[in-house]
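These notes are about the structure you will find just below.
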Amino acid sequence: MLGALLLAGAATGTATAQVTSADYQRAAGMLADRTLPLLDGWLRDPNWLADGSLVYGVMSGGKTTYLRLDPATGRSTPAFDLQALAAAVSKANPKAKPVATDKLSLADVGSEDGGLRIRVRGDDHAYRCDGRGCTALVKPKSGDEPGVASPDGSREAFIRDWNLWLRDTATGKETRLTSDGQPDYGYATDNAGWKHTGDAVLVWSPDGRKIATFQQDQRKTSTMTLVGTNVGVPKVQQWKYPFVGDKDVTTIERVVIDVSAATPRTIRLRMPPDQHRSTCADDLLCSNGWEDVQWAQDGKTLAFVSTDRGHKSATLRVADAQTGAVRDVYTETVATQYQSAPALDSVNWRYLPASGEFIWFSQKSDWGHLYLHDLASGKLKRQLTSGHWNVTDIAHVDPATRTLWFSGVGREAGRDPYFVHYYKVGIDGGDVQLLTPEDANHAVTPSEDGRYFVDVASTIATAPVALLRDADGRQVAELARTDLSRLRAAGWVAPEAFTVKARDGKTDLYGQMFKPSNFDPAKHYPIITYIYPGPQVGSVRSRSFQPAHGDHQALAELGFIVIAVDGMGTPLRSKSFQDAWYGDMADNTLPDQIAALKQLAARYPWIDAARAGIWGHSGGGNATAGAMFRYPDVYKVGIAESGNHDNLSYEDDWAERYHGLLADKGDGKTNYSGQDNAAYAKNLKGKLFLLHGLMDDNVPPQSTLLVVDALMKANKDFDLLLLPNARHGYGADGYYVMRRRWDYFVRNLLGVEPPKEFELAPAK
């Protein structure tokens, strides 16, 4: 009946009466691997070198030229021979497919002996390039364990057999630093439940004489088990995975290892074990490493932040690196959860022992700002920033001039409050100064010394302009200006920003809309909501220009309106905005998504809200199933990918941060009762497609299977796709999943059959 109604509607002005292979081809042409090569003058991979120069790439005609700029002169010269680098990469990996120059993307660049040390993204070798060409640097024969390089690059620390080792990068000579590591009680081990790698978590002192790390105790932590799909005896994968409410979860015992003497010495910090927590993530690592640990320049002391299991308090502590003595300096306690930035990313506190101070980030005013404190007493000296806006990232502190550079959002009146701008302020007082005046989103890459920064300004609809500016915001050079001519000629249309009111009818919400390139306002289009509920990020992927935002535009090309809205409960607004549904994660921004849907349908007659779909991945998968079960009369079609449908079946740090510690309510229920999707599966009315990778080591597959079981018990029809070997992100199966997603919406929202088994694959 539904399909019949939709087809009948098509004859009277409904969007698409049929979808052909040509439509799918046009949709595929809107994906990033097709659209990115159509950009000319696109800045790539900006890297500041130790000598103060900048290496960056400019892509035009599908090829990238890498340049090296001297900020003193503002002039750029070729950085290296890209063809030689591609040949070196191919030679270092003879069994791999030869690397095309237009596919090269640099992970990092550094200076070395007058040349450049280069790493290519996705490759495990390093390369040295100079005027004569590029050669692969030989890795030490002693082992392949990933290491963390010392400040001068001469040594690297790595994990072997649960102990920490040191390797000389020139000779390959190895020294064992610890000897008492044992299974599940090892040094520097990186395991957050959802993440379990061999990377070492540690911070070198600036002089390279000491290492701050920990011995991680997982001996009583729960175990996760996945069973592979293969012929014969199943291959089992197991690792430590703490769950919400577990009595015993992972802890860390902080240590300092002195590597300056002939015999390395381990100094244990004199304090109880800390929770495996950070102020910046549901992991110990922030965007730039283990940022919750910061050394004094002389290596004699280090500061770190301890966070309790529920993230309600954060305590700044200072340790003596010689004795292990620890002193508590300052504690902030909040009613919900403390984070050291308005969106989990990099920490915004700084240890300033030379001046006897520290900078602390707090949302105690309901907005994220910086405060200068006395290091000895912990007392507040002055508030550095204030107002109804947020500091997002401290970029550089100059102790000589007592100046601080940082990024922020929401300060400039009349602009999108999510637009990032760059600022500076005096530590001893003075007004905040705007350094990026353009009304746009600014992606900033500062130099190590803070004297310059790369500023790429753009919006979702306007092309990027990349400038080099000095520390006062003055333009030094134009690096690149993107031309969209070839992209537009290929049929690309810009998404549109919009504003609606939240569930309360008062608060502004910001979203993005994607319409077909052949949009006809006389027709009526089904609407699809892409959702990621947060609370650490929102649904909107980027406020900067991107040639593709996932497959939003591609999906729109098939005859849909696609939207993404950041609802209440997501970051980068006020603290109360983000905490709107703390302790009720089943909310998932859904009341705001529905409010947005209704307002847009009332505003635009070509939106058919009676044919509303929704999809999301991970937290978005959870939210999608929740939408289908809790609001079955609003959403008619949902695709829930790899959802954490019951947070009691997910790793501890996620829900305990945003929903709270497990608490018995005394009536046979807990504060987690009713937050799971299985409890509401009986309400399903529309079409639901569940997907999960069976080797998902982030959100275990049983999370979706619990929903499957509940749907079966409720005698509900639904669709299910289990990917036998896929992890959380699907990897090589991603294009197949994307095609199935398009098919499902075409079939069930448009009411027509998609082209059978359209072959969607990466661009060649």
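Labels used: A, B, ... for chains in the order of the structure tokens, numbers from 1 for residues in each chain, and numbers from 1 for ligands as shown.
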
For this session: Write out as a VMD selection string each polymer residue whose atoms come within 9 Å of Val432 of chain A, counting only C-alpha atoms; drop sequence neighbours fewer than 2 positions from it.
Result: chain A and resid 384 to 385 423 to 426 430 434

Would you output that residue set with all heavy atoms, as a CSV table (one decimal), in the first residue's frame?
chain,number,residue,atom,x,y,z
A,384,LEU,N,41.0,35.2,32.0
A,384,LEU,CA,41.6,35.6,30.8
A,384,LEU,C,40.6,35.9,29.7
A,384,LEU,O,40.8,36.8,28.8
A,384,LEU,CB,42.6,34.6,30.3
A,384,LEU,CG,43.8,34.3,31.3
A,384,LEU,CD1,44.7,33.2,30.7
A,384,LEU,CD2,44.5,35.6,31.6
A,385,THR,N,39.5,35.1,29.6
A,385,THR,CA,38.5,35.3,28.6
A,385,THR,C,37.1,35.3,29.2
A,385,THR,O,37.0,34.6,30.3
A,385,THR,CB,38.6,34.3,27.5
A,385,THR,OG1,38.3,33.0,28.0
A,385,THR,CG2,40.0,34.3,26.8
A,423,TYR,N,42.4,34.1,17.8
A,423,TYR,CA,42.5,35.3,18.7
A,423,TYR,C,43.8,35.3,19.4
A,423,TYR,O,44.5,34.2,19.5
A,423,TYR,CB,41.4,35.3,19.7
A,423,TYR,CG,40.0,35.2,19.2
A,423,TYR,CD1,39.4,34.0,19.0
A,423,TYR,CD2,39.3,36.3,18.8
A,423,TYR,CE1,38.1,33.9,18.5
A,423,TYR,CE2,38.0,36.3,18.4
A,423,TYR,CZ,37.4,35.0,18.2
A,423,TYR,OH,36.1,34.9,17.7
A,424,LYS,N,44.1,36.4,20.0
A,424,LYS,CA,45.2,36.5,21.0
A,424,LYS,C,44.8,37.4,22.2
A,424,LYS,O,43.9,38.3,22.0
A,424,LYS,CB,46.5,37.0,20.4
A,424,LYS,CG,46.5,38.5,20.1
A,424,LYS,CD,48.0,38.9,19.7
A,424,LYS,CE,48.1,40.4,19.5
A,424,LYS,NZ,49.4,40.9,19.1
A,425,VAL,N,45.4,37.2,23.4
A,425,VAL,CA,45.0,38.0,24.5
A,425,VAL,C,46.3,38.0,25.4
A,425,VAL,O,47.0,37.1,25.5
A,425,VAL,CB,43.8,37.4,25.3
A,425,VAL,CG1,44.2,36.0,25.9
A,425,VAL,CG2,43.3,38.3,26.3
A,426,GLY,N,46.4,39.1,26.1
A,426,GLY,CA,47.5,39.2,27.1
A,426,GLY,C,47.2,38.5,28.4
A,426,GLY,O,46.1,38.6,28.9
A,430,GLY,N,44.1,42.9,29.3
A,430,GLY,CA,43.8,43.5,27.9
A,430,GLY,C,42.7,42.7,27.2
A,430,GLY,O,42.2,41.7,27.7
A,434,LEU,N,40.8,39.8,17.7
A,434,LEU,CA,40.4,38.9,16.6
A,434,LEU,C,41.5,39.0,15.5
A,434,LEU,O,41.9,40.1,15.1
A,434,LEU,CB,39.1,39.3,16.0
A,434,LEU,CG,38.6,38.6,14.7
A,434,LEU,CD1,38.4,37.2,15.0
A,434,LEU,CD2,37.4,39.3,14.2

For this session: Enumerate as a VMD selection string all residues of segment 623-701 of chain A assigned to helix (DSSP H, G or I) by DSSP on the backbone, naming them with the chain letters and numbers the document uses.
Result: chain A and resid 623 to 630 647 to 649 652 to 658 678 to 683

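With only C-alpha atoms as the atoms that count, the residue of A:Val537, A:Ala640, A:Ala586, A:Met738 with the shortest distance to Gly567 of chain A is A:Val537.
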
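Of the listed residues (A:Tyr66, A:Asp652, A:Ala480, A:Ser21), A:Asp652 comes nearest to Asp283 of chain A; the distances count only C-alpha atoms.
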
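Omitting segment 588-595 of chain A and its sequence neighbours fewer than 5 positions away, and counting only C-alpha atoms, the residues within 7 Å are Ala502, Arg503, Pro533, Val565, Gly567, Met568, Gly569, Ala623 and Ala627 of chain A.
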
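Of the residues listed (A:Trp48, A:Phe361, A:Tyr56, A:Tyr658), A:Tyr658 shows the shortest atom-to-atom separation from Gln578 of chain A; distances use only C-alpha atoms.
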
For this session: Could you find all residues in segment 152-190 of chain A that DSSP calls strand (DSSP E) from the backbone, and write them as a list in words?
Result: Arg155, Glu156, Ala157, Phe158, Ile159, Arg160, Asn163, Leu164, Trp165, Leu166, Arg167, Asp168, Glu174, Thr175, Arg176, Tyr185, Gly186, Tyr187 and Asp190 of chain A

With a distance cut-off of 7 Å and only C-alpha atoms, select the neighbouring residues of Arg44 of chain A, excluding the residue or stretch itself and same-chain residues fewer than 2 positions from it, and output the selection as an mmCIF file with N, CA, C and O atoms, in the first residue's frame.
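To be explicit, this is the file written out as selection_13.cif:
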data_model
loop_
_atom_site.group_PDB
_atom_site.id
_atom_site.type_symbol
_atom_site.label_atom_id
_atom_site.label_comp_id
_atom_site.auth_asym_id
_atom_site.auth_seq_id
_atom_site.Cartn_x
_atom_site.Cartn_y
_atom_site.Cartn_z
ATOM 1 N N TRP A 42 43.681 23.724 -4.134
ATOM 2 C CA TRP A 42 43.242 23.166 -2.837
ATOM 3 C C TRP A 42 44.472 22.916 -1.972
ATOM 4 O O TRP A 42 45.366 22.174 -2.362
ATOM 5 N N PRO A 46 49.562 21.003 5.341
ATOM 6 C CA PRO A 46 50.509 22.014 5.827
ATOM 7 C C PRO A 46 51.306 21.480 7.019
ATOM 8 O O PRO A 46 50.729 20.958 7.976
ATOM 9 N N TYR A 56 53.889 22.666 2.296
ATOM 10 C CA TYR A 56 52.463 22.481 2.042
ATOM 11 C C TYR A 56 52.258 22.034 0.604
ATOM 12 O O TYR A 56 53.121 22.211 -0.262
ATOM 13 N N GLY A 57 51.121 21.427 0.347
ATOM 14 C CA GLY A 57 50.790 20.977 -0.996
ATOM 15 C C GLY A 57 49.654 21.799 -1.568
ATOM 16 O O GLY A 57 48.771 22.254 -0.841
ATOM 17 N N VAL A 58 49.673 21.988 -2.880
ATOM 18 C CA VAL A 58 48.570 22.640 -3.585
ATOM 19 C C VAL A 58 48.137 21.699 -4.709
ATOM 20 O O VAL A 58 48.949 21.339 -5.569
#

Seminar exercise, completed: Atom pair atom CA of Gly638 of chain A + atom CA of Gln18 of chain A, distance 20.7 Å

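Atom CA of Lys636 of chain A is positioned 24.8 Å from atom CA of Asn518 of chain A.
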
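Proximity ranking of A:Arg219, A:Lys515, A:Arg68, A:His524 relative to Ala609 of chain A places A:His524 first, based on only C-alpha atoms.
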
Problem set entry | 7 Å contact set for segment 279-281 of chain A, only C-alpha atoms, chain neighbours under 5 positions out, as a ChimeraX atom specification | /A:286,307,338-340,344-347

Output of the above residues as an mmCIF file, in the first residue's frame, restricted to N, CA and C atoms:
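Dumped everything to result-v6.cif:
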data_model
loop_
_atom_site.group_PDB
_atom_site.id
_atom_site.type_symbol
_atom_site.label_atom_id
_atom_site.label_comp_id
_atom_site.auth_asym_id
_atom_site.auth_seq_id
_atom_site.Cartn_x
_atom_site.Cartn_y
_atom_site.Cartn_z
ATOM 1 N N CYS A 286 44.381 12.465 23.667
ATOM 2 C CA CYS A 286 43.681 13.572 23.023
ATOM 3 C C CYS A 286 44.104 13.613 21.562
ATOM 4 N N THR A 307 41.202 12.348 36.859
ATOM 5 C CA THR A 307 39.754 12.456 36.690
ATOM 6 C C THR A 307 39.090 11.259 37.343
ATOM 7 N N TYR A 338 33.035 16.973 33.666
ATOM 8 C CA TYR A 338 34.040 17.994 33.344
ATOM 9 C C TYR A 338 34.810 17.590 32.095
ATOM 10 N N GLN A 339 35.011 18.541 31.197
ATOM 11 C CA GLN A 339 35.888 18.331 30.057
ATOM 12 C C GLN A 339 36.712 19.594 29.863
ATOM 13 N N SER A 340 37.934 19.427 29.361
ATOM 14 C CA SER A 340 38.870 20.546 29.297
ATOM 15 C C SER A 340 38.803 21.283 27.966
ATOM 16 N N LEU A 344 35.293 17.528 22.974
ATOM 17 C CA LEU A 344 36.441 16.704 23.315
ATOM 18 C C LEU A 344 37.441 16.698 22.164
ATOM 19 N N ASP A 345 38.659 17.154 22.463
ATOM 20 C CA ASP A 345 39.669 17.279 21.417
ATOM 21 C C ASP A 345 41.032 17.415 22.075
ATOM 22 N N SER A 346 41.496 18.649 22.255
ATOM 23 C CA SER A 346 42.755 18.921 22.939
ATOM 24 C C SER A 346 42.463 19.583 24.275
ATOM 25 N N VAL A 347 43.334 19.347 25.256
ATOM 26 C CA VAL A 347 43.120 19.962 26.560
ATOM 27 C C VAL A 347 43.443 21.452 26.486
#

For this session: Find, counting only C-alpha atoms, the residue in A:Asp33, A:Asp45, A:Asp439, A:Asp733 that gets nearest to Ala107 of chain A.
Result: A:Asp45

Exercise. Of the residues A:Met695, A:Ala79, A:Val444, A:Ala763, which is the one nearest to Gly115 of chain A, using only C-alpha atoms?
Worked result: A:Ala79
